[in-house]
Structure formats: structure tokens, C-alpha cells
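Structure first, then comments.
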Amino acid sequence: MARRNRDDDLLLEEDELTAAFLGDDDLMAPVDQGQPQAAAPVADEWEEDEAVPGQLAVDVYETREKLVVKARTAGVNKHDLDVSISDNQLTIRGTLSAGSDDGVENYFLQECYWGEFSRTIALPVPVKEEEIEAMLKDGVLTISFGKVKQDTIKKIQVL
């Protein structure tokens, strides 16, 4: 549910902001104001073996000749990345390892995501699948695609 501030700028409530960030459509569903709402799960109630892959943040932009996808992958080894394309959809998968937690007795704060991540993106323009370059440098994965040139608008004669 959205609320407005004095300047009529749209603000998202915490659950909606979380849903928007995580891509959870169920959390973005309208809330029935007449019904009591279940409390959000507390960290202690989460199942530890619940496998939910993290979602990778990306930037997608184009230049005159290329479509470019950039993703923050700091801490990921290039051998732990799986990048593929099929039907004009790009998929990036990988694993972010936190290293050894053997001596940890108690976390006071744990905000970093560790484990598997995955992101599939429908590419906004047709690309040449034979002209793809992927480079991992300084924790940023950059994937460049040659764009398929679109013909200018063609006039169709009606008979």
C-alpha cells in the first residue's frame, strides 16, 4: 500500500519496498484494510535450509552499436559465474562465498548475502548472439552485445 507525503510524492511502505527490492509479487499485492494482517516473519522463525537465490542488481543500457549489461559481482570468482543467452534472454548465475565461518559464535549484524544468486533479463533490443563479450574486472561483470540493426520504417502500399 502506498501513502503520500505533504508534497504528494509517492512513498512505499516497508513491506512494499522490500517486495520491490526482492521482486516478490505476492508482497506487492493490495492489502485488504478490513482484515487483520499476519505479522512479518521474525529472523528466528526463518528456516535455515530454505534455499532462496539472491537477485543480482544490474544496469542495462545501449550505445549506438552495442547493448551493455553491467552487474556488481564483487567477491565472485569468474569460474563461479555461469552466463548464458537463449531466446533474447540473458541469465547470470553464480555463487558468492563468505569463506569460513568456523570460529563464529554469534552474529551481531548480518546484512551481506552469501550463497547462490541468479538473474534472468529479457533483453530490450535484438542482439547478435555471435557478437558477445563478457569481462569481469574490479568486481563488475560487463557483458556487451552487438545490436541487430533495425531497418528504418518501411512504407507499405495498401492494395
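Note on naming: chains are A, B, ... as they come in the C-alpha cells, residues start from 1 per chain, ligands start from 1 in the order shown.
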
_Which residues are near A:Leu141? Cut-off 9 Å, only C-alpha atoms, ignore same chain within fewer than 2 positions. Put them as a ChimeraX atom specification._
/A:69-74,78,134-139,143

_A:Val125 environment, 10 Å, only C-alpha atoms, sequence neighbours closer than 6 positions dropped, as a list in words_ =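 That gives Glu62, Lys66, Leu67, Asn88, Lys147, Val148, Lys149 and Gln150 of chain A.
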
Written selection (N, CA and C atoms) as an mmCIF file, in the first residue's frame:
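The result, stored in selection-v4.cif:
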data_model
loop_
_atom_site.group_PDB
_atom_site.id
_atom_site.type_symbol
_atom_site.label_atom_id
_atom_site.label_comp_id
_atom_site.auth_asym_id
_atom_site.auth_seq_id
_atom_site.Cartn_x
_atom_site.Cartn_y
_atom_site.Cartn_z
ATOM 1 N N GLU A 62 22.277 1.062 -23.700
ATOM 2 C CA GLU A 62 22.772 0.860 -25.046
ATOM 3 C C GLU A 62 23.617 2.035 -25.504
ATOM 4 N N LYS A 66 26.107 -1.061 -29.442
ATOM 5 C CA LYS A 66 26.056 -2.196 -28.509
ATOM 6 C C LYS A 66 24.960 -2.049 -27.455
ATOM 7 N N LEU A 67 24.561 -3.192 -26.922
ATOM 8 C CA LEU A 67 23.734 -3.265 -25.722
ATOM 9 C C LEU A 67 24.674 -3.747 -24.622
ATOM 10 N N ASN A 88 16.846 -14.396 -26.688
ATOM 11 C CA ASN A 88 16.994 -12.986 -26.323
ATOM 12 C C ASN A 88 16.827 -12.729 -24.825
ATOM 13 N N LYS A 147 24.345 -5.107 -31.443
ATOM 14 C CA LYS A 147 22.911 -4.971 -31.700
ATOM 15 C C LYS A 147 22.591 -5.318 -33.154
ATOM 16 N N VAL A 148 21.421 -5.918 -33.354
ATOM 17 C CA VAL A 148 20.916 -6.165 -34.696
ATOM 18 C C VAL A 148 20.392 -4.832 -35.214
ATOM 19 N N LYS A 149 20.873 -4.427 -36.363
ATOM 20 C CA LYS A 149 20.424 -3.149 -36.920
ATOM 21 C C LYS A 149 18.977 -3.280 -37.374
ATOM 22 N N GLN A 150 18.172 -2.349 -36.922
ATOM 23 C CA GLN A 150 16.768 -2.314 -37.313
ATOM 24 C C GLN A 150 16.632 -1.417 -38.532
#

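If you measure from each of A:Leu96, A:Gly146, A:Val140, A:Arg119 to A:Ser84 using only C-alpha atoms, the closest one turns out to be A:Arg119.
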
*asked:* I need the residues of stretch 117-153 of chain A that end up classed as strand (DSSP E or B) by DSSP on the backbone, written out as a count of residues only.
replied: 25
